[in-house]
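Dumped run-v5.txt below, it's compact mmCIF, C-alpha atoms and all ligand atoms:
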```
# COMPACT_ATOMS: atom_id res chain seq x y z
CA MET A 20 -18.44 19.09 -12.61
CA TYR A 21 -18.07 16.87 -9.61
CA PHE A 22 -20.09 13.70 -9.63
CA ASP A 23 -21.12 14.38 -6.04
CA GLU A 24 -23.53 16.83 -7.56
CA LEU A 25 -25.43 14.15 -9.42
CA ALA A 26 -28.91 13.59 -8.12
CA LEU A 27 -28.60 10.37 -6.19
CA GLU A 28 -32.24 10.03 -5.38
CA LYS A 29 -34.02 7.51 -7.55
CA ARG A 30 -30.67 5.82 -8.05
CA ALA A 31 -30.25 4.42 -4.57
CA PHE A 32 -32.49 1.51 -5.18
CA ILE A 33 -32.72 -2.20 -4.46
CA ASN A 34 -30.21 -3.16 -1.81
CA TYR A 35 -29.63 0.10 0.00
CA GLY A 36 -32.30 -1.10 2.42
CA ALA A 37 -30.31 -4.29 2.94
CA LEU A 38 -27.31 -2.27 4.07
CA GLU A 39 -29.15 -1.50 7.28
CA GLY A 40 -29.02 -5.22 8.14
CA VAL A 41 -25.26 -5.49 7.76
CA CYS A 42 -23.47 -6.79 10.88
CA LYS A 43 -19.99 -5.48 11.64
CA LYS A 44 -17.12 -6.26 13.98
CA GLY A 45 -13.51 -5.17 14.18
CA VAL A 46 -10.16 -5.80 15.79
CA THR A 47 -6.86 -3.97 15.99
CA LEU A 48 -4.20 -6.08 14.38
CA GLY A 49 -0.82 -4.44 14.71
CA GLU A 50 -0.98 -1.21 12.73
CA ILE A 51 -4.39 -1.76 11.15
CA GLU A 52 -7.92 -1.91 12.49
CA LEU A 53 -9.37 -4.80 10.53
CA GLU A 54 -13.12 -4.87 9.99
CA PHE A 55 -15.41 -7.78 9.16
CA HIS A 56 -18.85 -7.22 7.60
CA PHE A 57 -21.65 -9.72 7.10
CA ASN A 58 -23.64 -8.52 4.07
CA PRO A 59 -26.02 -11.21 2.79
CA ALA A 60 -27.05 -9.13 -0.24
CA ARG A 61 -23.59 -9.47 -1.76
CA VAL A 62 -23.77 -13.23 -2.20
CA ARG A 63 -23.72 -12.81 -5.98
CA SER A 64 -20.44 -10.91 -5.89
CA VAL A 65 -18.67 -13.14 -3.37
CA MET A 66 -19.73 -16.35 -5.09
CA ALA A 67 -19.45 -15.11 -8.68
CA LYS A 68 -18.27 -17.78 -11.06
CA VAL A 69 -15.48 -16.17 -13.01
CA ASP A 70 -14.16 -19.11 -15.01
CA GLU A 71 -14.18 -18.72 -18.78
CA ALA A 72 -17.09 -21.11 -19.49
CA SER A 73 -19.37 -19.45 -16.90
CA ILE A 74 -18.57 -15.99 -18.24
CA LYS A 75 -19.31 -17.02 -21.82
CA SER A 76 -22.66 -18.56 -20.91
CA ARG A 77 -24.16 -15.55 -19.14
CA GLN A 78 -25.47 -12.16 -20.22
CA CYS A 79 -22.99 -9.46 -19.26
CA PHE A 80 -24.58 -7.45 -16.43
CA LEU A 81 -22.60 -4.31 -17.25
CA CYS A 82 -23.80 -4.08 -20.87
CA PRO A 83 -27.08 -2.22 -21.56
CA GLU A 84 -28.87 -5.51 -22.39
CA GLY A 85 -28.03 -6.91 -18.96
CA ILE A 86 -28.83 -4.08 -16.55
CA GLY A 87 -32.02 -3.74 -14.55
CA ALA A 88 -34.72 -1.40 -15.84
CA GLU A 89 -34.36 0.75 -12.71
CA GLN A 90 -30.62 1.31 -13.22
CA LEU A 91 -29.91 4.75 -14.62
CA THR A 92 -26.76 5.44 -16.59
CA THR A 93 -24.74 8.65 -16.82
CA ASP A 94 -22.17 8.91 -19.58
CA TRP A 95 -18.70 10.17 -18.72
CA ILE A 96 -15.75 10.79 -21.02
CA SER A 97 -12.33 10.66 -19.39
CA PRO A 98 -10.39 13.86 -20.10
CA ALA A 99 -7.18 11.80 -19.82
CA THR A 100 -7.79 9.37 -22.67
CA LYS A 101 -11.22 10.17 -24.12
CA ASN A 102 -12.31 6.67 -23.11
CA GLY A 103 -16.04 6.57 -22.46
CA TYR A 104 -17.63 5.19 -19.29
CA TRP A 105 -21.05 4.39 -17.89
CA PHE A 106 -21.62 5.64 -14.39
CA ARG A 107 -24.20 3.68 -12.36
CA VAL A 108 -25.12 2.88 -8.78
CA ASN A 109 -23.81 -0.56 -7.82
CA PRO A 110 -26.91 -2.70 -7.28
CA PHE A 111 -25.05 -4.75 -4.62
CA PRO A 112 -23.51 -1.99 -2.55
CA ILE A 113 -21.02 -2.28 0.28
CA PHE A 114 -21.74 1.31 1.36
CA HIS A 115 -24.16 4.05 0.51
CA LYS A 116 -23.13 5.85 -2.68
CA HIS A 117 -21.31 2.87 -4.13
CA PHE A 118 -20.85 3.31 -7.88
CA THR A 119 -19.74 1.10 -10.74
CA ILE A 120 -17.97 2.97 -13.54
CA SER A 121 -17.78 0.63 -16.51
CA ALA A 122 -16.32 1.07 -20.00
CA ASN A 123 -18.97 1.99 -22.56
CA VAL A 124 -17.85 -0.94 -24.68
CA HIS A 125 -17.69 -4.64 -23.79
CA THR A 126 -13.96 -5.07 -23.31
CA LYS A 127 -11.98 -7.18 -20.85
CA GLN A 128 -10.83 -6.12 -17.39
CA GLN A 129 -7.33 -4.78 -17.99
CA ILE A 130 -5.98 -1.61 -16.43
CA ALA A 131 -3.25 -0.93 -19.01
CA GLY A 132 -4.17 2.30 -20.77
CA ARG A 133 -6.79 3.21 -18.17
CA TYR A 134 -4.85 4.16 -15.05
CA GLY A 135 -4.98 7.80 -16.19
CA ASP A 136 -8.77 7.48 -16.21
CA MET A 137 -8.64 6.29 -12.62
CA LEU A 138 -6.71 9.41 -11.60
CA ALA A 139 -9.12 11.57 -13.62
CA LEU A 140 -11.98 9.98 -11.66
CA THR A 141 -10.34 11.01 -8.39
CA ASP A 142 -10.39 14.58 -9.75
CA VAL A 143 -14.14 14.50 -10.39
CA LEU A 144 -14.87 12.45 -7.25
CA PRO A 145 -12.88 14.33 -4.60
CA ASN A 146 -14.77 12.71 -1.73
CA TYR A 147 -14.43 9.16 -3.01
CA VAL A 148 -11.91 6.37 -3.36
CA VAL A 149 -11.83 4.77 -6.81
CA PHE A 150 -10.82 1.14 -7.05
CA TYR A 151 -10.07 -1.64 -9.50
CA ASN A 152 -10.29 -5.40 -9.03
CA GLY A 153 -8.10 -7.37 -11.43
CA PRO A 154 -9.70 -10.19 -13.43
CA LYS A 155 -8.44 -12.82 -10.97
CA CYS A 156 -8.66 -10.56 -7.92
CA GLY A 157 -12.29 -10.08 -7.02
CA ALA A 158 -13.78 -8.74 -10.28
CA SER A 159 -17.14 -10.42 -10.79
CA ALA A 160 -17.20 -9.20 -14.42
CA PRO A 161 -13.67 -9.93 -15.71
CA ASP A 162 -15.03 -9.69 -19.25
CA HIS A 163 -16.20 -6.06 -18.97
CA PHE A 164 -13.85 -3.33 -17.83
CA HIS A 165 -14.99 -1.46 -14.71
CA PHE A 166 -13.87 0.64 -11.80
CA GLN A 167 -15.85 1.15 -8.59
CA ALA A 168 -16.06 4.07 -6.18
CA PHE A 169 -17.43 4.74 -2.72
CA PRO A 170 -16.93 7.56 -0.21
CA LYS A 171 -13.55 8.07 1.45
CA GLY A 172 -12.95 7.01 5.02
CA HIS A 173 -14.31 3.45 4.97
CA LEU A 174 -11.18 1.46 4.23
CA PRO A 175 -9.00 0.61 7.24
CA VAL A 176 -5.87 1.00 5.09
CA GLU A 177 -6.76 4.64 4.40
CA LYS A 178 -6.84 5.30 8.12
CA MET A 179 -3.57 3.43 8.66
CA ILE A 180 -1.82 5.51 6.01
CA SER A 181 -3.24 8.75 7.36
CA ARG A 182 -1.67 7.83 10.72
CA LYS A 183 1.63 7.39 8.84
CA CYS A 184 2.29 3.87 10.03
CA GLY A 185 2.32 0.31 8.73
CA TYR A 186 4.54 0.99 5.71
CA LYS A 187 8.19 1.56 4.87
CA ARG A 188 9.91 3.81 2.37
CA VAL A 189 11.04 2.33 -0.94
CA ILE A 190 11.83 5.54 -2.86
CA GLU A 191 11.25 9.08 -1.70
CA SER A 192 11.58 12.38 -3.52
CA ASP A 193 9.94 15.80 -3.68
CA LYS A 194 8.07 14.77 -6.81
CA CYS A 195 6.92 11.27 -5.99
CA SER A 196 7.36 8.69 -3.24
CA VAL A 197 6.69 4.97 -3.12
CA TYR A 198 6.22 3.03 0.10
CA GLU A 199 5.55 -0.64 0.74
CA ILE A 200 3.01 -1.80 3.29
CA ASP A 201 4.94 -4.01 5.71
CA SER A 202 2.39 -4.65 8.42
CA TYR A 203 -0.68 -6.82 7.80
CA ILE A 204 0.41 -7.78 4.24
CA ARG A 205 3.42 -7.47 1.95
CA GLY A 206 3.47 -6.25 -1.63
CA GLY A 207 1.09 -3.32 -1.19
CA TYR A 208 2.73 -0.30 -2.87
CA VAL A 209 1.65 3.19 -1.91
CA ILE A 210 2.47 5.82 -4.57
CA VAL A 211 2.06 9.49 -3.62
CA SER A 212 2.53 12.51 -5.89
CA GLN A 213 0.83 15.63 -7.11
CA TYR A 214 1.99 14.86 -10.67
CA ILE A 215 -0.01 12.56 -12.91
CA GLU A 216 2.98 11.61 -15.05
CA GLU A 217 4.96 10.58 -11.94
CA MET A 218 2.04 8.46 -10.74
CA GLU A 219 1.73 6.82 -14.15
CA GLU A 220 5.44 6.11 -14.35
CA LYS A 221 5.66 4.39 -10.96
CA PHE A 222 2.39 2.53 -11.44
CA GLY A 223 3.52 1.34 -14.88
CA PHE A 224 6.87 0.21 -13.49
CA ILE A 225 5.23 -1.93 -10.78
CA CYS A 226 2.83 -3.47 -13.33
CA ASP A 227 5.61 -4.13 -15.84
CA ASN A 228 7.67 -5.95 -13.22
CA GLY A 229 4.87 -8.05 -11.77
CA THR A 230 4.60 -11.71 -12.66
CA ILE A 231 1.85 -12.75 -15.05
CA HIS A 232 0.52 -16.12 -13.95
CA THR A 233 0.50 -18.89 -16.50
CA THR A 234 0.21 -21.96 -14.29
CA ILE A 235 -2.93 -23.44 -12.83
CA LYS A 236 -2.90 -23.06 -9.08
CA GLU A 237 -6.42 -22.94 -7.81
CA PRO A 238 -9.26 -25.44 -7.81
CA ASP A 239 -11.60 -23.33 -9.94
CA GLU A 240 -9.08 -22.81 -12.68
CA LYS A 241 -9.58 -25.22 -15.55
CA PRO A 242 -6.85 -25.42 -18.16
CA VAL A 243 -7.01 -22.34 -20.35
CA GLU A 244 -5.53 -21.76 -23.78
CA SER A 245 -4.19 -18.29 -23.07
CA PRO A 246 -2.34 -17.07 -19.98
CA GLU A 247 -3.61 -14.25 -17.78
CA TRP A 248 -3.06 -10.84 -19.35
CA GLU A 249 -1.83 -8.76 -16.40
CA PRO A 250 -0.20 -9.35 -13.00
CA ARG A 251 -2.76 -10.12 -10.31
CA MET A 252 -3.58 -6.91 -8.52
CA ASN A 253 -6.05 -4.66 -6.79
CA VAL A 254 -5.71 -0.90 -7.03
CA VAL A 255 -7.26 1.95 -5.08
CA SER A 256 -6.71 5.68 -5.64
CA TRP A 257 -7.85 8.92 -4.12
CA LYS A 258 -6.88 12.57 -4.12
CA SER A 259 -6.54 14.87 -1.16
CA GLU A 260 -4.86 18.21 -0.59
CA GLY A 261 -3.75 18.28 -4.22
CA LYS A 262 -1.93 14.95 -4.06
CA TYR A 263 -2.86 11.62 -5.60
CA THR A 264 -2.44 8.43 -3.60
CA THR A 265 -2.59 5.00 -5.21
CA ILE A 266 -2.15 1.66 -3.50
CA VAL A 267 -1.30 -1.28 -5.75
CA PHE A 268 -1.96 -4.52 -3.89
CA CYS A 269 0.15 -7.07 -5.76
CA ARG A 270 -1.46 -10.49 -5.43
CA GLU A 271 -0.39 -14.11 -5.47
CA MET A 272 -3.59 -16.13 -5.04
CA SER A 273 -7.00 -15.40 -6.50
CA ARG A 274 -8.87 -16.90 -3.56
CA PRO A 275 -7.59 -18.51 -0.34
CA LEU A 276 -7.49 -22.30 -0.22
CA CYS A 277 -10.05 -22.36 2.61
CA PHE A 278 -12.58 -20.94 0.11
CA TRP A 279 -12.56 -24.40 -1.49
CA ASP A 280 -12.55 -26.50 1.69
CA GLU A 281 -15.28 -29.11 1.19
CA ARG A 282 -15.48 -30.25 4.82
CA GLU A 283 -18.74 -29.35 6.55
CA GLY A 284 -18.41 -25.98 8.26
CA PHE A 285 -14.82 -25.40 7.20
CA ARG A 286 -15.41 -23.49 3.99
CA VAL A 287 -14.69 -19.77 4.37
CA PHE A 288 -16.75 -17.67 1.98
CA ILE A 289 -14.37 -14.78 1.42
CA SER A 290 -13.23 -13.78 -2.04
CA PRO A 291 -10.68 -10.99 -1.61
CA GLY A 292 -10.81 -7.88 -3.77
CA THR A 293 -9.56 -4.35 -3.16
CA VAL A 294 -11.87 -3.81 -0.20
CA GLU A 295 -10.57 -6.89 1.63
CA MET A 296 -6.95 -6.06 0.77
CA GLY A 297 -7.67 -2.65 2.30
CA GLY A 298 -8.56 -4.34 5.59
CA LEU A 299 -12.33 -4.67 5.31
CA MET A 300 -13.34 -8.32 5.08
CA LEU A 301 -16.74 -9.10 3.58
CA THR A 302 -18.83 -12.23 3.63
CA SER A 303 -22.38 -13.10 2.74
CA ASP A 304 -22.28 -16.33 4.77
CA LEU A 305 -23.37 -16.24 8.41
CA ASN A 306 -21.29 -19.27 9.44
CA THR A 307 -18.18 -17.62 7.99
CA PHE A 308 -18.97 -14.39 9.83
CA GLU A 309 -19.59 -16.04 13.17
CA ASN A 310 -16.86 -18.66 13.17
CA THR A 311 -13.85 -17.27 11.29
CA THR A 312 -11.13 -16.18 13.69
CA TRP A 313 -9.18 -12.95 13.25
CA LYS A 314 -6.08 -15.11 13.01
CA LEU A 315 -7.52 -16.92 10.00
CA LEU A 316 -8.63 -13.66 8.38
CA SER A 317 -5.15 -12.30 8.82
CA SER A 318 -3.60 -15.42 7.29
CA ILE A 319 -6.03 -15.23 4.34
CA LEU A 320 -4.74 -11.75 3.55
CA GLU A 321 -1.16 -12.95 3.75
CA GLU A 322 -1.93 -15.99 1.62
CA VAL A 323 -3.42 -14.02 -1.28
CA SER A 324 -0.82 -11.21 -1.12
CA LEU A 325 2.49 -11.12 -2.86
CA GLN A 326 4.95 -13.28 -0.96
CA GLY A 327 7.94 -11.68 0.76
CA LYS A 328 10.67 -12.50 -1.71
CA GLU A 329 8.58 -11.31 -4.68
CA ALA A 330 7.93 -8.03 -2.85
CA ASP A 331 11.65 -7.73 -2.08
CA LYS A 332 12.36 -8.17 -5.79
CA ILE A 333 10.06 -5.29 -6.76
CA ASN A 334 11.53 -3.10 -4.01
CA ILE A 335 15.04 -3.65 -5.34
CA LEU A 336 13.97 -2.99 -8.93
CA LEU A 337 12.23 0.25 -7.91
CA LYS A 338 15.27 1.45 -5.98
CA ASN A 339 17.73 0.48 -8.70
CA HIS A 340 15.70 2.11 -11.42
CA PHE A 341 14.54 5.34 -9.79
CA CYS A 342 17.27 6.12 -7.28
CA LYS A 343 19.86 6.31 -10.07
CA ILE A 344 17.92 8.82 -12.15
ZN ZN A 401 -20.44 -6.13 -21.13
```
Let me see the structure of the file written as structure tokens.
Amino acid sequence: MYFDELALEKRAFINYGALEGVCKKGVTLGEIELEFHFNPARVRSVMAKVDEASIKSRQCFLCPEGIGAEQLTTDWISPATKNGYWFRVNPFPIFHKHFTISANVHTKQQIAGRYGDMLALTDVLPNYVVFYNGPKCGASAPDHFHFQAFPKGHLPVEKMISRKCGYKRVIESDKCSVYEIDSYIRGGYVIVSQYIEEMEEKFGFICDNGTIHTTIKEPDEKPVESPEWEPRMNVVSWKSEGKYTTIVFCREMSRPLCFWDEREGFRVFISPGTVEMGGLMLTSDLNTFENTTWKLLSSILEEVSLQGKEADKINILLKNHFCKI
């Protein structure tokens, strides 16, 4: 069964009305057509406090005790792993038909062991992109595992890839190819194959060779006893014409430094997740929307992305490992 067939009426509640008030603008920046949306209803997501103390002191909003009475839940079992998920409409949508697909147990945001579920979701959601925000990369519930999904065609990076530009080949074969985005960011790896095991192998290799951060770099990060548990990343996948496509956006920074600028009018309220890495910038702050230049938006994306020499390192490792097989 495809999830498109689910009755969406009665589920599209709360903020779908607010979507009509969203302001949008765009610019062509090299190979990509960047978009910028002002969506005041998403203030909770953009400003989410994701430090350990804040997480511990609040009710999890993905567990049954924390969801609104109007939120309906559909159970889904992944055929790939038998992991169970709760399928719900996102109460703070970016687009119509924006879903949150959360684990049916309270367990931390960690994609290891669940990438197969992501691909399985692209099978049952053929008209959607499925995405994952790492715990330090835009997830507003880093303590409860979740994917999200919304209809295909919204992300500027999808359009860029469909035009076959803005990326370069890293490895290419009949079975599976990996490209690196080399236009508006570095360190975005595009994996394409019709074979699940090939997708899993390349995805796993990129994850295994990413750096897990252990040092404190950003103003919101208080000293923690344990290091982060996976490389910083955003991931988006979809399926079309029998082939899977995944983009792994390897990340350096959790948020740009200008997010913390305390000078009046200088603070930029943008907290990049998969959607932003895919070229669609979101803010819930009018001053940010009206006064942030495209140049600054572009530099924010570069700042939070993997830096050039780290991307070069992964490219070399991929080539050395897979081109010799
Ligand atoms: Zn939970």
How would you write, as a PDB file with C-alpha atoms, keeping the file's coordinate frame, the set of residues no farther than 9 Å from ligand ZN 401 (chain A) when counting only C-alpha atoms and all ligand atoms?
```
ATOM      1  CA  GLN A  78     -25.470 -12.160 -20.220  1.00  0.00           C
ATOM      2  CA  CYS A  79     -22.990  -9.460 -19.260  1.00  0.00           C
ATOM      3  CA  PHE A  80     -24.580  -7.450 -16.430  1.00  0.00           C
ATOM      4  CA  LEU A  81     -22.600  -4.310 -17.250  1.00  0.00           C
ATOM      5  CA  CYS A  82     -23.800  -4.080 -20.870  1.00  0.00           C
ATOM      6  CA  PRO A  83     -27.080  -2.220 -21.560  1.00  0.00           C
ATOM      7  CA  GLU A  84     -28.870  -5.510 -22.390  1.00  0.00           C
ATOM      8  CA  GLY A  85     -28.030  -6.910 -18.960  1.00  0.00           C
ATOM      9  CA  SER A 121     -17.780   0.630 -16.510  1.00  0.00           C
ATOM     10  CA  ALA A 122     -16.320   1.070 -20.000  1.00  0.00           C
ATOM     11  CA  ASN A 123     -18.970   1.990 -22.560  1.00  0.00           C
ATOM     12  CA  VAL A 124     -17.850  -0.940 -24.680  1.00  0.00           C
ATOM     13  CA  HIS A 125     -17.690  -4.640 -23.790  1.00  0.00           C
ATOM     14  CA  THR A 126     -13.960  -5.070 -23.310  1.00  0.00           C
ATOM     15  CA  LYS A 127     -11.980  -7.180 -20.850  1.00  0.00           C
ATOM     16  CA  ALA A 160     -17.200  -9.200 -14.420  1.00  0.00           C
ATOM     17  CA  ASP A 162     -15.030  -9.690 -19.250  1.00  0.00           C
ATOM     18  CA  HIS A 163     -16.200  -6.060 -18.970  1.00  0.00           C
ATOM     19  CA  PHE A 164     -13.850  -3.330 -17.830  1.00  0.00           C
TER      20      PHE A 164
END
```
Next on the checklist: Residues within 8 Å of A:Cys195, please, as a PyMOL selection string. Count only C-alpha atoms; anything in the same chain fewer than 6 positions from it doesn't count.
Outcome noted: chain A and resi 210-214+217-218
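The gap separating atom CA of A:Ser159 from atom CA of A:Ile74 is 9.4 Å, in Å to one decimal.
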Item to check | Nearest candidate to A:Asn310 (options A:Phe57, A:Thr47, A:Glu281, A:Ile335; using all atoms listed in the file) | outcome: A:Phe57
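Counting from atom CA of A:Leu144, the distance to atom CA of A:Thr265 is 14.5 Å.
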Next on the checklist: Give me the residues near A:Thr92 as a list in words, where near means some atom within 9 Å (using all atoms listed in the file) and where sequence neighbours in that chain fewer than 4 positions away do not count.
Outcome noted: Trp105, Phe106, Arg107 and Val108 of chain A
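With only C-alpha atoms as the basis for measurement, A:Trp257 is the residue among A:Phe341, A:Trp257, A:Phe224, A:Phe285 that approaches A:Val143 most closely.
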As a PDB file, in the coordinates of the input, please: stretch 309-330 of chain A completed to N, CA and C atoms.
```pdb
ATOM      1  N   GLU A 309     -19.583 -15.731  11.740  1.00  0.00           N
ATOM      2  CA  GLU A 309     -19.590 -16.040  13.170  1.00  0.00           C
ATOM      3  C   GLU A 309     -18.393 -16.861  13.615  1.00  0.00           C
ATOM      4  N   ASN A 310     -17.846 -17.675  12.724  1.00  0.00           N
ATOM      5  CA  ASN A 310     -16.860 -18.660  13.170  1.00  0.00           C
ATOM      6  C   ASN A 310     -15.440 -18.469  12.651  1.00  0.00           C
ATOM      7  N   THR A 311     -15.211 -17.478  11.794  1.00  0.00           N
ATOM      8  CA  THR A 311     -13.850 -17.270  11.290  1.00  0.00           C
ATOM      9  C   THR A 311     -13.077 -16.404  12.283  1.00  0.00           C
ATOM     10  N   THR A 312     -11.928 -16.927  12.707  1.00  0.00           N
ATOM     11  CA  THR A 312     -11.130 -16.180  13.690  1.00  0.00           C
ATOM     12  C   THR A 312     -10.369 -15.040  13.007  1.00  0.00           C
ATOM     13  N   TRP A 313      -9.986 -14.047  13.784  1.00  0.00           N
ATOM     14  CA  TRP A 313      -9.180 -12.950  13.250  1.00  0.00           C
ATOM     15  C   TRP A 313      -7.840 -13.482  12.752  1.00  0.00           C
ATOM     16  N   LYS A 314      -7.347 -14.521  13.436  1.00  0.00           N
ATOM     17  CA  LYS A 314      -6.080 -15.110  13.010  1.00  0.00           C
ATOM     18  C   LYS A 314      -6.197 -15.682  11.594  1.00  0.00           C
ATOM     19  N   LEU A 315      -7.329 -16.358  11.343  1.00  0.00           N
ATOM     20  CA  LEU A 315      -7.520 -16.920  10.000  1.00  0.00           C
ATOM     21  C   LEU A 315      -7.693 -15.810   8.966  1.00  0.00           C
ATOM     22  N   LEU A 316      -8.459 -14.778   9.324  1.00  0.00           N
ATOM     23  CA  LEU A 316      -8.630 -13.660   8.380  1.00  0.00           C
ATOM     24  C   LEU A 316      -7.286 -13.040   8.016  1.00  0.00           C
ATOM     25  N   SER A 317      -6.466 -12.877   9.045  1.00  0.00           N
ATOM     26  CA  SER A 317      -5.150 -12.300   8.820  1.00  0.00           C
ATOM     27  C   SER A 317      -4.315 -13.202   7.903  1.00  0.00           C
ATOM     28  N   SER A 318      -4.404 -14.515   8.124  1.00  0.00           N
ATOM     29  CA  SER A 318      -3.600 -15.420   7.290  1.00  0.00           C
ATOM     30  C   SER A 318      -4.154 -15.502   5.870  1.00  0.00           C
ATOM     31  N   ILE A 319      -5.463 -15.280   5.697  1.00  0.00           N
ATOM     32  CA  ILE A 319      -6.030 -15.230   4.340  1.00  0.00           C
ATOM     33  C   ILE A 319      -5.417 -14.068   3.564  1.00  0.00           C
ATOM     34  N   LEU A 320      -5.322 -12.917   4.220  1.00  0.00           N
ATOM     35  CA  LEU A 320      -4.740 -11.750   3.550  1.00  0.00           C
ATOM     36  C   LEU A 320      -3.289 -11.994   3.167  1.00  0.00           C
ATOM     37  N   GLU A 321      -2.556 -12.631   4.075  1.00  0.00           N
ATOM     38  CA  GLU A 321      -1.160 -12.950   3.750  1.00  0.00           C
ATOM     39  C   GLU A 321      -1.067 -13.935   2.601  1.00  0.00           C
ATOM     40  N   GLU A 322      -1.966 -14.929   2.632  1.00  0.00           N
ATOM     41  CA  GLU A 322      -1.930 -15.990   1.620  1.00  0.00           C
ATOM     42  C   GLU A 322      -2.162 -15.441   0.205  1.00  0.00           C
ATOM     43  N   VAL A 323      -3.095 -14.515   0.072  1.00  0.00           N
ATOM     44  CA  VAL A 323      -3.420 -14.020  -1.280  1.00  0.00           C
ATOM     45  C   VAL A 323      -2.518 -12.873  -1.720  1.00  0.00           C
ATOM     46  N   SER A 324      -1.723 -12.320  -0.782  1.00  0.00           N
ATOM     47  CA  SER A 324      -0.820 -11.210  -1.120  1.00  0.00           C
ATOM     48  C   SER A 324       0.442 -11.731  -1.786  1.00  0.00           C
ATOM     49  N   LEU A 325       1.187 -10.771  -2.321  1.00  0.00           N
ATOM     50  CA  LEU A 325       2.490 -11.120  -2.860  1.00  0.00           C
ATOM     51  C   LEU A 325       3.360 -11.669  -1.726  1.00  0.00           C
ATOM     52  N   GLN A 326       4.100 -12.719  -1.999  1.00  0.00           N
ATOM     53  CA  GLN A 326       4.950 -13.280  -0.960  1.00  0.00           C
ATOM     54  C   GLN A 326       6.208 -12.421  -0.790  1.00  0.00           C
ATOM     55  N   GLY A 327       6.852 -12.572   0.371  1.00  0.00           N
ATOM     56  CA  GLY A 327       7.940 -11.680   0.760  1.00  0.00           C
ATOM     57  C   GLY A 327       9.047 -11.518  -0.269  1.00  0.00           C
ATOM     58  N   LYS A 328       9.512 -12.645  -0.816  1.00  0.00           N
ATOM     59  CA  LYS A 328      10.670 -12.500  -1.710  1.00  0.00           C
ATOM     60  C   LYS A 328      10.282 -11.838  -3.027  1.00  0.00           C
ATOM     61  N   GLU A 329       9.034 -12.001  -3.467  1.00  0.00           N
ATOM     62  CA  GLU A 329       8.580 -11.310  -4.680  1.00  0.00           C
ATOM     63  C   GLU A 329       8.491  -9.802  -4.418  1.00  0.00           C
ATOM     64  N   ALA A 330       8.009  -9.451  -3.216  1.00  0.00           N
ATOM     65  CA  ALA A 330       7.930  -8.030  -2.850  1.00  0.00           C
ATOM     66  C   ALA A 330       9.340  -7.442  -2.766  1.00  0.00           C
TER      67      ALA A 330
END
```
